[in-house]
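Trainee: Contents of final-v5.tsv (TSV, C-alpha atoms and all ligand atoms) are given next:
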```
chain	number	residue	atom	x	y	z
E	289	MET	CA	-12.31	-1.31	-13.90
E	290	HIS	CA	-13.90	-2.46	-17.13
E	291	ILE	CA	-13.56	-6.12	-18.05
E	292	GLU	CA	-11.38	-5.26	-21.09
E	293	THR	CA	-8.88	-3.64	-18.73
E	294	LEU	CA	-9.01	-6.54	-16.27
E	295	ALA	CA	-8.45	-8.97	-19.14
E	296	VAL	CA	-5.12	-7.27	-19.86
E	297	HIS	CA	-3.96	-6.41	-16.34
E	298	ALA	CA	-5.43	-8.76	-13.73
E	299	GLY	CA	-2.84	-11.21	-12.41
E	300	ARG	CA	-0.04	-9.49	-14.33
E	301	LYS	CA	2.92	-7.61	-12.92
E	302	VAL	CA	6.36	-6.78	-14.24
E	303	ASP	CA	8.75	-9.52	-13.12
E	304	PRO	CA	10.71	-8.01	-10.19
E	305	ALA	CA	13.75	-10.23	-10.87
E	306	THR	CA	14.29	-9.23	-14.51
E	307	GLY	CA	11.91	-6.41	-15.44
E	308	ALA	CA	10.26	-8.70	-17.98
E	309	VAL	CA	6.91	-7.22	-19.00
E	310	MET	CA	5.47	-10.62	-19.82
E	311	PRO	CA	5.68	-13.17	-17.00
E	312	PRO	CA	8.32	-15.91	-17.07
E	313	ILE	CA	7.20	-19.54	-16.99
E	314	HIS	CA	8.11	-21.16	-13.68
E	315	LEU	CA	8.64	-24.80	-14.56
E	316	SER	CA	10.19	-25.67	-11.21
E	317	THR	CA	8.14	-28.26	-9.36
E	318	THR	CA	9.67	-27.36	-5.99
E	319	PHE	CA	10.64	-24.21	-4.09
E	320	GLU	CA	13.45	-23.59	-1.61
E	321	ARG	CA	12.76	-23.42	2.08
E	322	LYS	CA	14.70	-20.77	4.03
E	323	PRO	CA	17.12	-21.73	6.87
E	324	ASP	CA	14.44	-20.75	9.39
E	325	GLY	CA	12.00	-23.17	7.71
E	326	SER	CA	9.83	-20.53	6.03
E	327	TYR	CA	8.80	-20.23	2.40
E	328	THR	CA	9.13	-16.51	1.73
E	329	GLU	CA	6.93	-16.44	-1.38
E	330	GLY	CA	4.47	-19.03	-0.14
E	331	PHE	CA	5.30	-21.60	-2.83
E	332	VAL	CA	6.23	-25.11	-1.69
E	333	TYR	CA	5.42	-27.60	-4.47
E	334	THR	CA	3.80	-26.96	-7.83
E	335	ARG	CA	0.87	-29.34	-7.32
E	336	SER	CA	-0.22	-27.11	-4.40
E	337	GLU	CA	0.69	-23.75	-5.90
E	338	ASN	CA	2.85	-22.27	-8.63
E	339	PRO	CA	3.49	-18.61	-9.62
E	340	ASN	CA	1.92	-19.06	-13.07
E	341	ARG	CA	-1.14	-20.73	-11.62
E	342	ARG	CA	-1.51	-18.09	-8.93
E	343	ALA	CA	-1.38	-15.31	-11.54
E	344	LEU	CA	-3.95	-17.11	-13.69
E	345	GLU	CA	-6.27	-17.67	-10.72
E	346	GLU	CA	-6.09	-13.99	-9.78
E	347	ALA	CA	-7.07	-13.04	-13.33
E	348	LEU	CA	-9.92	-15.56	-13.49
E	349	ALA	CA	-11.33	-14.38	-10.16
E	350	ALA	CA	-11.22	-10.78	-11.37
E	351	LEU	CA	-12.96	-11.57	-14.67
E	352	GLU	CA	-15.80	-13.49	-12.99
E	353	GLY	CA	-16.06	-11.09	-10.05
E	354	GLY	CA	-15.34	-13.83	-7.49
E	355	GLN	CA	-13.31	-13.88	-4.29
E	356	ALA	CA	-11.19	-16.87	-5.30
E	357	ALA	CA	-10.42	-19.16	-8.22
E	358	ALA	CA	-8.88	-22.60	-8.66
E	359	ALA	CA	-7.41	-23.74	-11.97
E	360	PHE	CA	-7.52	-27.37	-13.11
E	361	ALA	CA	-6.02	-29.55	-15.81
E	362	SER	CA	-9.33	-29.77	-17.72
E	363	GLY	CA	-12.94	-28.69	-17.54
E	364	GLN	CA	-13.88	-32.20	-16.44
E	365	ALA	CA	-11.37	-32.07	-13.57
E	366	ALA	CA	-13.00	-28.82	-12.40
E	367	THR	CA	-16.51	-30.31	-12.53
E	368	LEU	CA	-15.33	-33.45	-10.74
E	369	ALA	CA	-13.76	-31.32	-7.98
E	370	VAL	CA	-17.13	-29.65	-7.30
E	371	LEU	CA	-18.92	-32.99	-7.13
E	372	GLN	CA	-16.24	-34.56	-4.93
E	373	SER	CA	-16.26	-31.57	-2.59
E	374	LEU	CA	-19.96	-32.20	-1.89
E	375	ALA	CA	-19.14	-35.49	-0.23
E	376	ALA	CA	-17.43	-33.84	2.74
E	377	GLY	CA	-19.76	-33.77	5.70
E	378	ASP	CA	-22.14	-36.45	6.93
E	379	PRO	CA	-20.98	-39.76	5.39
E	380	THR	CA	-24.33	-41.43	6.15
E	381	THR	CA	-26.26	-39.08	3.83
E	382	PRO	CA	-25.18	-39.24	0.21
E	383	PRO	CA	-25.47	-35.89	-1.52
E	384	HIS	CA	-28.10	-35.32	-4.21
E	385	VAL	CA	-27.49	-33.06	-7.22
E	386	ILE	CA	-29.82	-31.68	-9.86
E	387	ILE	CA	-28.41	-31.28	-13.36
E	388	PRO	CA	-29.96	-30.15	-16.64
E	389	GLU	CA	-31.36	-32.80	-18.96
E	390	ASP	CA	-29.53	-31.05	-21.80
E	391	THR	CA	-25.97	-30.64	-20.62
E	392	TYR	CA	-22.45	-31.41	-21.84
E	393	PHE	CA	-22.51	-35.21	-22.11
E	394	GLY	CA	-19.26	-35.47	-20.11
E	395	THR	CA	-20.99	-33.81	-17.14
E	396	ARG	CA	-23.88	-36.25	-17.37
E	397	HIS	CA	-21.41	-39.12	-17.59
E	398	LEU	CA	-19.45	-37.92	-14.54
E	399	VAL	CA	-22.66	-37.74	-12.52
E	400	PHE	CA	-24.50	-40.87	-13.64
E	401	GLY	CA	-21.67	-43.03	-14.97
E	402	VAL	CA	-18.79	-42.29	-12.60
E	403	LEU	CA	-20.14	-40.97	-9.29
E	404	ALA	CA	-23.59	-42.58	-9.04
E	405	PRO	CA	-21.93	-45.97	-8.37
E	406	TRP	CA	-20.13	-44.25	-5.45
E	407	GLY	CA	-23.47	-43.19	-3.99
E	408	LEU	CA	-24.07	-39.77	-5.54
E	409	GLN	CA	-27.79	-39.25	-6.10
E	410	ALA	CA	-28.84	-37.23	-9.11
E	411	SER	CA	-31.86	-35.98	-11.04
E	412	ALA	CA	-31.81	-34.59	-14.56
E	413	VAL	CA	-34.54	-32.06	-15.33
E	414	ASP	CA	-35.48	-29.55	-18.00
E	415	MET	CA	-34.16	-26.42	-16.26
E	416	THR	CA	-36.04	-24.08	-18.55
E	417	ASP	CA	-39.06	-25.20	-16.47
E	418	LEU	CA	-38.49	-23.94	-12.93
E	419	ASP	CA	-41.28	-26.16	-11.58
E	420	GLN	CA	-39.25	-29.20	-12.60
E	421	VAL	CA	-36.28	-27.85	-10.62
E	422	ARG	CA	-38.46	-27.25	-7.53
E	423	ALA	CA	-40.04	-30.70	-7.82
E	424	ALA	CA	-36.62	-32.39	-8.00
E	425	VAL	CA	-35.40	-30.92	-4.69
E	426	ARG	CA	-34.87	-33.51	-1.94
E	427	PRO	CA	-33.85	-33.03	1.71
E	428	ASN	CA	-30.28	-34.06	0.78
E	429	THR	CA	-29.99	-31.84	-2.34
E	430	ARG	CA	-26.60	-30.16	-2.06
E	431	LEU	CA	-26.09	-28.75	-5.53
E	432	VAL	CA	-28.02	-27.46	-8.51
E	433	TRP	CA	-25.77	-27.49	-11.58
E	434	VAL	CA	-26.74	-25.10	-14.37
E	435	GLU	CA	-25.45	-24.98	-17.91
E	436	THR	CA	-26.78	-22.10	-20.00
E	437	PRO	CA	-26.79	-21.92	-22.98
E	438	SER	CA	-26.86	-25.70	-22.81
E	439	ASN	CA	-24.83	-28.08	-24.91
E	440	PRO	CA	-25.91	-28.95	-27.59
E	441	LEU	CA	-29.47	-27.55	-27.74
E	442	LEU	CA	-28.70	-24.03	-26.44
E	443	LYS	CA	-31.54	-24.07	-23.93
E	444	ILE	CA	-31.56	-21.02	-21.68
E	445	THR	CA	-31.91	-21.32	-17.91
E	446	ASP	CA	-32.77	-18.38	-15.67
E	447	ILE	CA	-29.71	-18.40	-13.38
E	448	ALA	CA	-31.08	-16.02	-10.74
E	449	ALA	CA	-34.31	-18.03	-10.39
E	450	VAL	CA	-32.49	-21.37	-10.11
E	451	ALA	CA	-29.98	-19.96	-7.61
E	452	GLU	CA	-32.92	-18.83	-5.47
E	453	ILE	CA	-34.48	-22.30	-5.56
E	454	ALA	CA	-31.11	-23.88	-4.69
E	455	HIS	CA	-30.48	-21.54	-1.78
E	456	ALA	CA	-34.00	-21.98	-0.40
E	457	ALA	CA	-33.23	-25.72	-0.34
E	458	GLY	CA	-29.91	-25.15	1.44
E	459	ALA	CA	-28.02	-26.17	-1.70
E	460	LEU	CA	-25.30	-24.53	-3.76
E	461	CYS	CA	-25.77	-23.31	-7.30
E	462	ALA	CA	-22.91	-23.82	-9.77
E	463	VAL	CA	-23.00	-22.65	-13.38
E	464	ASP	CA	-20.98	-24.07	-16.25
E	465	ASN	CA	-20.12	-20.73	-17.86
E	466	THR	CA	-17.90	-22.21	-20.59
E	467	TRP	CA	-20.01	-21.26	-23.58
E	468	PRO	CA	-20.76	-17.62	-22.75
E	469	SER	CA	-17.49	-16.82	-20.90
E	470	PRO	CA	-17.46	-14.05	-18.27
E	471	LEU	CA	-17.72	-11.53	-21.07
E	472	LEU	CA	-21.30	-12.51	-21.84
E	473	GLN	CA	-22.58	-13.92	-18.55
E	474	ARG	CA	-21.63	-13.34	-14.91
E	475	PRO	CA	-23.21	-16.16	-12.86
E	476	LEU	CA	-21.85	-14.95	-9.52
E	477	ALA	CA	-23.48	-11.55	-9.97
E	478	LEU	CA	-26.74	-13.38	-10.76
E	479	GLY	CA	-26.62	-15.26	-7.44
E	480	ALA	CA	-24.69	-18.44	-8.24
E	481	ASP	CA	-22.01	-19.66	-5.82
E	482	ILE	CA	-19.56	-21.17	-8.31
E	483	ALA	CA	-18.77	-20.39	-11.94
E	484	MET	CA	-17.10	-23.25	-13.79
E	485	HIS	CA	-15.12	-23.08	-17.04
E	486	ALA	CA	-13.64	-25.48	-19.49
E	487	THR	CA	-10.86	-22.98	-20.22
E	488	THR	CA	-10.03	-25.27	-23.14
E	489	LYS	CA	-12.74	-23.35	-25.03
E	490	TYR	CA	-13.22	-19.57	-25.30
E	491	LEU	CA	-10.85	-18.55	-22.51
E	492	GLY	CA	-7.97	-20.42	-24.18
E	493	GLY	CA	-9.50	-19.49	-27.51
E	494	HIS	CA	-6.98	-21.13	-29.86
E	495	SER	CA	-7.66	-24.90	-29.54
E	496	ASP	CA	-4.17	-25.44	-28.15
E	497	LEU	CA	-4.58	-25.93	-24.40
E	498	LEU	CA	-6.69	-28.04	-22.06
E	499	GLY	CA	-7.83	-26.51	-18.80
E	500	GLY	CA	-10.59	-25.92	-16.31
E	501	ALA	CA	-11.42	-23.42	-13.60
E	502	LEU	CA	-13.75	-22.82	-10.67
E	503	ILE	CA	-14.42	-19.31	-9.46
E	504	ALA	CA	-16.20	-18.85	-6.13
E	505	ARG	CA	-18.36	-15.99	-4.95
E	506	ALA	CA	-17.01	-16.54	-1.43
E	507	ASP	CA	-13.67	-17.87	-0.27
E	508	ASP	CA	-15.49	-20.11	2.20
E	509	ASP	CA	-15.37	-23.66	3.60
E	510	PHE	CA	-16.72	-25.14	0.38
E	511	PHE	CA	-14.00	-23.43	-1.62
E	512	ALA	CA	-11.42	-24.74	0.87
E	513	ARG	CA	-12.63	-28.26	-0.01
E	514	ILE	CA	-12.24	-27.43	-3.70
E	515	ARG	CA	-8.67	-26.31	-3.00
E	516	THR	CA	-8.06	-29.65	-1.28
E	517	MET	CA	-9.37	-31.51	-4.32
E	518	GLN	CA	-7.11	-29.39	-6.52
E	519	SER	CA	-3.90	-29.94	-4.55
E	520	THR	CA	-4.52	-33.42	-3.14
E	521	GLY	CA	-6.51	-34.78	-6.08
E	522	GLY	CA	-3.71	-33.35	-8.18
E	523	ALA	CA	-5.45	-32.49	-11.48
E	524	ALA	CA	-3.45	-29.26	-11.62
E	525	PRO	CA	-2.65	-27.48	-14.88
E	526	SER	CA	0.98	-27.23	-15.98
E	527	PRO	CA	2.81	-23.89	-15.56
E	528	PHE	CA	3.03	-23.62	-19.35
E	529	ASP	CA	-0.73	-24.08	-19.80
E	530	CYS	CA	-1.36	-21.47	-17.07
E	531	TRP	CA	0.96	-19.05	-18.83
E	532	LEU	CA	-0.62	-19.69	-22.23
E	533	LEU	CA	-4.11	-19.26	-20.84
E	534	LEU	CA	-3.26	-16.00	-19.08
E	535	ARG	CA	-1.83	-14.73	-22.35
E	536	SER	CA	-5.03	-15.68	-24.20
E	537	LEU	CA	-7.28	-13.89	-21.69
E	538	SER	CA	-5.98	-10.50	-22.85
E	539	THR	CA	-7.81	-10.78	-26.18
E	540	LEU	CA	-10.95	-12.50	-24.85
E	541	PRO	CA	-13.23	-9.42	-24.95
E	542	TYR	CA	-12.45	-8.75	-28.61
E	543	ARG	CA	-12.64	-12.39	-29.63
E	544	MET	CA	-16.01	-12.78	-27.91
E	545	ALA	CA	-17.43	-9.67	-29.60
E	546	ALA	CA	-16.50	-11.08	-33.02
E	547	HIS	CA	-17.73	-14.61	-32.17
E	548	CYS	CA	-21.14	-13.14	-31.22
E	549	ASP	CA	-21.40	-10.95	-34.30
E	550	HIS	CA	-20.43	-13.76	-36.68
E	551	ALA	CA	-22.71	-16.33	-35.02
E	552	GLN	CA	-25.67	-13.95	-35.17
E	553	ARG	CA	-25.16	-13.50	-38.91
E	554	VAL	CA	-24.65	-17.21	-39.55
E	555	ALA	CA	-27.76	-18.03	-37.48
E	556	GLY	CA	-29.82	-15.50	-39.45
E	557	PHE	CA	-28.71	-17.07	-42.73
E	558	LEU	CA	-29.42	-20.62	-41.54
E	559	ALA	CA	-32.84	-19.70	-40.12
E	560	ALA	CA	-33.96	-18.72	-43.65
E	561	HIS	CA	-32.52	-21.80	-45.38
E	562	PRO	CA	-35.05	-24.35	-46.71
E	563	ARG	CA	-32.77	-27.33	-45.89
E	564	VAL	CA	-32.57	-26.32	-42.22
E	565	ALA	CA	-35.43	-27.58	-40.07
E	566	ALA	CA	-34.38	-25.75	-36.87
E	567	VAL	CA	-31.73	-23.31	-35.69
E	568	HIS	CA	-30.89	-23.23	-31.99
E	569	TYR	CA	-29.35	-19.84	-31.24
E	570	PRO	CA	-30.54	-17.62	-28.36
E	571	GLY	CA	-29.86	-14.47	-30.38
E	572	LEU	CA	-32.78	-15.27	-32.68
E	573	PRO	CA	-35.99	-13.62	-31.42
E	574	SER	CA	-37.82	-16.88	-32.25
E	575	HIS	CA	-35.67	-18.85	-29.72
E	576	PRO	CA	-37.82	-19.81	-26.69
E	577	GLY	CA	-35.12	-18.57	-24.31
E	578	HIS	CA	-34.43	-15.29	-26.13
E	579	ALA	CA	-36.03	-13.00	-23.52
E	580	VAL	CA	-34.20	-14.61	-20.57
E	581	ALA	CA	-30.94	-14.64	-22.54
E	582	ALA	CA	-31.35	-10.96	-23.45
E	583	ARG	CA	-31.83	-10.19	-19.75
E	584	GLN	CA	-28.99	-12.23	-18.26
E	585	MET	CA	-26.39	-12.20	-21.07
E	586	GLN	CA	-24.40	-9.38	-22.59
E	587	GLY	CA	-24.28	-11.15	-25.97
E	588	PHE	CA	-25.57	-14.44	-27.36
E	589	GLY	CA	-22.28	-16.23	-27.97
E	590	GLY	CA	-20.50	-18.00	-30.78
E	591	MET	CA	-22.20	-21.41	-30.54
E	592	LEU	CA	-25.24	-22.62	-32.39
E	593	SER	CA	-26.72	-25.87	-33.54
E	594	ILE	CA	-28.94	-26.73	-36.47
E	595	GLN	CA	-31.19	-29.61	-37.34
E	596	VAL	CA	-31.06	-30.28	-41.04
E	597	VAL	CA	-34.04	-31.58	-42.99
E	598	GLY	CA	-33.66	-35.38	-42.86
E	599	GLY	CA	-31.75	-37.60	-40.45
E	600	THR	CA	-28.23	-38.80	-39.68
E	601	ALA	CA	-27.30	-39.36	-43.35
E	602	GLU	CA	-28.34	-35.87	-44.44
E	603	ALA	CA	-26.58	-34.22	-41.48
E	604	MET	CA	-23.38	-36.20	-42.09
E	605	ALA	CA	-23.55	-35.31	-45.80
E	606	VAL	CA	-23.73	-31.57	-45.02
E	607	ALA	CA	-20.76	-31.88	-42.64
E	608	GLY	CA	-18.96	-33.88	-45.32
E	609	ARG	CA	-19.26	-31.04	-47.87
E	610	VAL	CA	-17.89	-28.12	-45.84
E	611	ARG	CA	-14.57	-26.68	-47.06
E	612	LEU	CA	-13.79	-23.84	-44.66
E	613	PHE	CA	-15.29	-25.27	-41.47
E	614	THR	CA	-13.26	-28.07	-39.92
E	615	ARG	CA	-15.08	-31.29	-38.98
E	616	ALA	CA	-13.95	-31.65	-35.38
E	617	THR	CA	-15.32	-31.67	-31.87
E	618	SER	CA	-14.69	-28.84	-29.36
E	619	LEU	CA	-15.40	-25.14	-29.66
E	620	GLY	CA	-14.32	-21.62	-28.81
E	621	GLY	CA	-11.23	-21.42	-31.01
E	622	VAL	CA	-10.43	-18.90	-33.72
E	623	GLU	CA	-11.31	-21.48	-36.40
E	624	SER	CA	-14.89	-22.54	-37.17
E	625	LEU	CA	-15.79	-26.14	-36.34
E	626	ILE	CA	-18.76	-28.32	-37.26
E	627	GLU	CA	-19.65	-31.67	-35.76
E	628	HIS	CA	-22.32	-34.32	-35.93
E	629	ARG	CA	-22.89	-34.31	-32.22
E	630	ALA	CA	-24.83	-37.57	-31.72
E	631	SER	CA	-22.08	-39.71	-33.24
E	632	VAL	CA	-19.40	-37.93	-31.18
E	633	GLU	CA	-21.39	-38.55	-27.98
E	634	GLY	CA	-21.89	-42.24	-28.78
E	635	PRO	CA	-24.69	-44.75	-28.22
E	636	ASP	CA	-26.03	-43.07	-25.02
E	637	SER	CA	-26.50	-39.74	-26.82
E	638	LEU	CA	-29.78	-37.88	-26.32
E	639	THR	CA	-28.93	-35.49	-29.17
E	640	PRO	CA	-31.23	-35.46	-32.24
E	641	PRO	CA	-29.60	-37.47	-35.08
E	642	ASN	CA	-29.99	-34.62	-37.59
E	643	LEU	CA	-28.18	-32.08	-35.36
E	644	LEU	CA	-24.95	-30.36	-36.33
E	645	ARG	CA	-23.18	-28.28	-33.68
E	646	ILE	CA	-21.32	-25.27	-34.98
E	647	SER	CA	-18.61	-23.23	-33.29
E	648	VAL	CA	-18.46	-19.99	-35.23
E	649	GLY	CA	-14.90	-18.71	-35.44
E	650	LEU	CA	-13.20	-15.49	-36.39
E	651	GLU	CA	-13.10	-15.93	-40.19
E	652	HIS	CA	-15.12	-13.39	-42.18
E	653	PRO	CA	-18.80	-14.30	-41.67
E	654	ASP	CA	-19.56	-13.96	-45.41
E	655	ASP	CA	-17.03	-16.71	-46.14
E	656	LEU	CA	-18.56	-18.91	-43.45
E	657	ILE	CA	-22.05	-18.33	-44.83
E	658	ALA	CA	-20.89	-19.09	-48.40
E	659	ASP	CA	-19.35	-22.37	-47.18
E	660	LEU	CA	-22.53	-23.44	-45.36
E	661	ASP	CA	-24.60	-22.41	-48.37
E	662	GLN	CA	-22.68	-24.71	-50.73
E	663	ALA	CA	-22.62	-27.51	-48.14
E	664	LEU	CA	-26.40	-27.37	-47.67
E	665	ASP	CA	-27.14	-27.30	-51.41
I	1	LIG	C1	-19.99	-26.89	-21.62
I	1	LIG	C2	-18.79	-27.75	-21.38
I	1	LIG	N1	-18.43	-28.04	-20.13
I	1	LIG	C3	-17.35	-28.81	-19.87
I	1	LIG	C4	-16.59	-29.36	-20.88
I	1	LIG	C5	-15.40	-30.24	-20.55
I	1	LIG	O1	-14.19	-29.57	-20.74
I	1	LIG	P1	-12.79	-30.33	-21.01
I	1	LIG	O2	-12.90	-30.97	-22.35
I	1	LIG	O3	-11.77	-29.24	-20.91
I	1	LIG	O4	-12.63	-31.33	-19.93
I	1	LIG	C6	-16.95	-29.08	-22.20
I	1	LIG	C7	-16.18	-29.68	-23.31
I	1	LIG	O5	-16.58	-29.66	-24.45
I	1	LIG	C8	-18.06	-28.26	-22.46
I	1	LIG	O6	-18.47	-27.95	-23.72
```
Starting from the coordinates I provided, produce the structure as structure tokens.
Ligand SMILES: Cc1ncc(COP(=O)(O)O)c(C=O)c1O

Mentor:
Amino acid sequence: MHIETLAVHAGRKVDPATGAVMPPIHLSTTFERKPDGSYTEGFVYTRSENPNRRALEEALAALEGGQAAAAFASGQAATLAVLQSLAAGDPTTPPHVIIPEDTYFGTRHLVFGVLAPWGLQASAVDMTDLDQVRAAVRPNTRLVWVETPSNPLLKITDIAAVAEIAHAAGALCAVDNTWPSPLLQRPLALGADIAMHATTKYLGGHSDLLGGALIARADDDFFARIRTMQSTGGAAPSPFDCWLLLRSLSTLPYRMAAHCDHAQRVAGFLAAHPRVAAVHYPGLPSHPGHAVAARQMQGFGGMLSIQVVGGTAEAMAVAGRVRLFTRATSLGGVESLIEHRASVEGPDSLTPPNLLRISVGLEHPDDLIADLDQALD
């Protein structure tokens, strides 16, 4: 089936108890055990499994083309579950992971700030240069983490090539697929083992829910460890958030098509503007990753960043003048957002001080362009 059809039907069925076309929300935290001790539907306790979460996981697995999916309470909880699942095995050899130099700053902070003190070893490299990935491999490398397009510089990594390097080293390859969504990029089909999502973003699509997900190519031992982190670690999403997210998935294909179209137009306008020193958008033929993106993506996405002429003050001034865009962090919602990324990331930020990150929403692109035009003037 086409992905538009899966987005509407995967994980959905008419409620057998009531005939309700849309699924009920199962708020119950606990499920009755039969007199013989069995659980007829397989549900015991909502931290381990819940009907709304099961339906969502089925839909997510179908959209990414994976064998299994696990939903989490946030994107960070999903990333943390992957990293914590690496630790199972030989306790005398700490695992080593390779992450992109340009990656969501929360991922970098989890790796270097939170887990490095527990013994996790990590290298950050420029993943657009495959030689740097190869050179970073160590005997104990267990994971290569990819984020493409990267946050906030929209660098493009060749997923198939990195997955090959990871597998040759006996490591897993996981891809943060939050920005493109499964509509625009299918990491598992390109050879990755795990696709990760901050479902808070495009999958939720309306800036009103926090969630994360991991989708696995194989329902194997590693995924069993992820399941353990989900149920025992306990960062499970609420039934209501699962329900809301499943509802949002139905419109994902059409939202993504509009996000891509609008972002391409906004990027084209900004690329020609004299007050803009650089536009980072893989849909522009001048972008260094354009050819790889055109090969591995089905669209270039709704995110872009610009570097304005000047420094922090000039960038903040442009953000201060927008009227239609909202000055806020996050992305992937129906409304357009703009943020001065370095000051959101804080003192450890590696982001250029004149960079503004833009999440292009579903407003008419001419209105968005007019707003940026007056803000840049
Ligand atoms: C690419 C990427 N990965 C992960 C996350 C973390 O997601 P969450 O905020 O749901 O924990 C974000 C959040 O902005 C993100 O942009």

Trainee: How close does chain E get to ligand LIG 1 (chain I)? List, as JSON lines, each residue of chain E within 9 Å, its nearest atom pair and the distance in Å to one decimal, counting all atoms listed in the file.

Mentor:
```
{"residue": "E:Ala361", "atom": "CA", "partner": "I:LIG1", "partner_atom": "O3", "distance": 7.7}
{"residue": "E:Ser362", "atom": "CA", "partner": "I:LIG1", "partner_atom": "O3", "distance": 4.1}
{"residue": "E:Gly363", "atom": "CA", "partner": "I:LIG1", "partner_atom": "O1", "distance": 3.5}
{"residue": "E:Gln364", "atom": "CA", "partner": "I:LIG1", "partner_atom": "O4", "distance": 3.8}
{"residue": "E:Ala365", "atom": "CA", "partner": "I:LIG1", "partner_atom": "O4", "distance": 6.5}
{"residue": "E:Ala366", "atom": "CA", "partner": "I:LIG1", "partner_atom": "O4", "distance": 7.9}
{"residue": "E:Thr367", "atom": "CA", "partner": "I:LIG1", "partner_atom": "C3", "distance": 7.5}
{"residue": "E:Thr391", "atom": "CA", "partner": "I:LIG1", "partner_atom": "C1", "distance": 7.1}
{"residue": "E:Tyr392", "atom": "CA", "partner": "I:LIG1", "partner_atom": "C1", "distance": 5.2}
{"residue": "E:Phe393", "atom": "CA", "partner": "I:LIG1", "partner_atom": "C8", "distance": 8.3}
{"residue": "E:Gly394", "atom": "CA", "partner": "I:LIG1", "partner_atom": "C5", "distance": 6.5}
{"residue": "E:Thr395", "atom": "CA", "partner": "I:LIG1", "partner_atom": "C3", "distance": 6.8}
{"residue": "E:Glu435", "atom": "CA", "partner": "I:LIG1", "partner_atom": "C1", "distance": 6.9}
{"residue": "E:Thr436", "atom": "CA", "partner": "I:LIG1", "partner_atom": "C1", "distance": 8.5}
{"residue": "E:Pro437", "atom": "CA", "partner": "I:LIG1", "partner_atom": "C1", "distance": 8.5}
{"residue": "E:Ser438", "atom": "CA", "partner": "I:LIG1", "partner_atom": "C1", "distance": 7.1}
{"residue": "E:Asn439", "atom": "CA", "partner": "I:LIG1", "partner_atom": "C1", "distance": 6.0}
{"residue": "E:Pro440", "atom": "CA", "partner": "I:LIG1", "partner_atom": "O6", "distance": 8.4}
{"residue": "E:Asp464", "atom": "CA", "partner": "I:LIG1", "partner_atom": "N1", "distance": 6.1}
{"residue": "E:Asn465", "atom": "CA", "partner": "I:LIG1", "partner_atom": "C1", "distance": 7.2}
{"residue": "E:Thr466", "atom": "CA", "partner": "I:LIG1", "partner_atom": "C1", "distance": 5.2}
{"residue": "E:Trp467", "atom": "CA", "partner": "I:LIG1", "partner_atom": "C1", "distance": 6.0}
{"residue": "E:Met484", "atom": "CA", "partner": "I:LIG1", "partner_atom": "N1", "distance": 8.1}
{"residue": "E:His485", "atom": "CA", "partner": "I:LIG1", "partner_atom": "N1", "distance": 6.7}
{"residue": "E:Ala486", "atom": "CA", "partner": "I:LIG1", "partner_atom": "O1", "distance": 4.3}
{"residue": "E:Thr487", "atom": "CA", "partner": "I:LIG1", "partner_atom": "O3", "distance": 6.4}
{"residue": "E:Thr488", "atom": "CA", "partner": "I:LIG1", "partner_atom": "O3", "distance": 4.9}
{"residue": "E:Lys489", "atom": "CA", "partner": "I:LIG1", "partner_atom": "O3", "distance": 7.3}
{"residue": "E:Leu497", "atom": "CA", "partner": "I:LIG1", "partner_atom": "O3", "distance": 8.7}
{"residue": "E:Leu498", "atom": "CA", "partner": "I:LIG1", "partner_atom": "O3", "distance": 5.3}
{"residue": "E:Gly499", "atom": "CA", "partner": "I:LIG1", "partner_atom": "O3", "distance": 5.2}
{"residue": "E:Gly500", "atom": "CA", "partner": "I:LIG1", "partner_atom": "O3", "distance": 5.8}
{"residue": "E:Thr617", "atom": "CA", "partner": "I:LIG1", "partner_atom": "O5", "distance": 7.8}
{"residue": "E:Ser618", "atom": "CA", "partner": "I:LIG1", "partner_atom": "O5", "distance": 5.3}
{"residue": "E:Leu619", "atom": "CA", "partner": "I:LIG1", "partner_atom": "O5", "distance": 7.0}
```

Trainee: At a cut-off of 9 Å around the point (-16.2, -26.1, -46.6) (file coordinates), what residues fall inside when counting only C-alpha atoms? I'd like the answer as a PyMOL selection string.

Mentor: chain E and resi 607-614+656+658-660+662-663

Trainee: So that I can check the surroundings of range 338-344 of chain E, please list as a ChimeraX atom specification every protein, DNA and RNA residue that reaches within 6 Å of it, counting all atoms listed in the file and ignoring chain neighbours fewer than 4 positions away.

Mentor: /E:299,334,527,530-531,534

Trainee: Quick one: of E:Gln372, E:Pro576, E:Ala506, E:His547, who's nearest to Thr445 in chain E, counting all atoms listed in the file?

Mentor: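 The answer is E:Pro576, which sits nearest to Thr445 in chain E.
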
Trainee: Which neighbours of range 480-482 of chain E fall inside 12 Å, counting all atoms listed in the file, when residues of the same chain fewer than 5 positions from it are skipped, and could you give them as a PyMOL selection string?

Mentor: chain E and resi 349+352-358+366-367+369-371+431-435+446-455+459-465+473-475+501-508+510-511+514
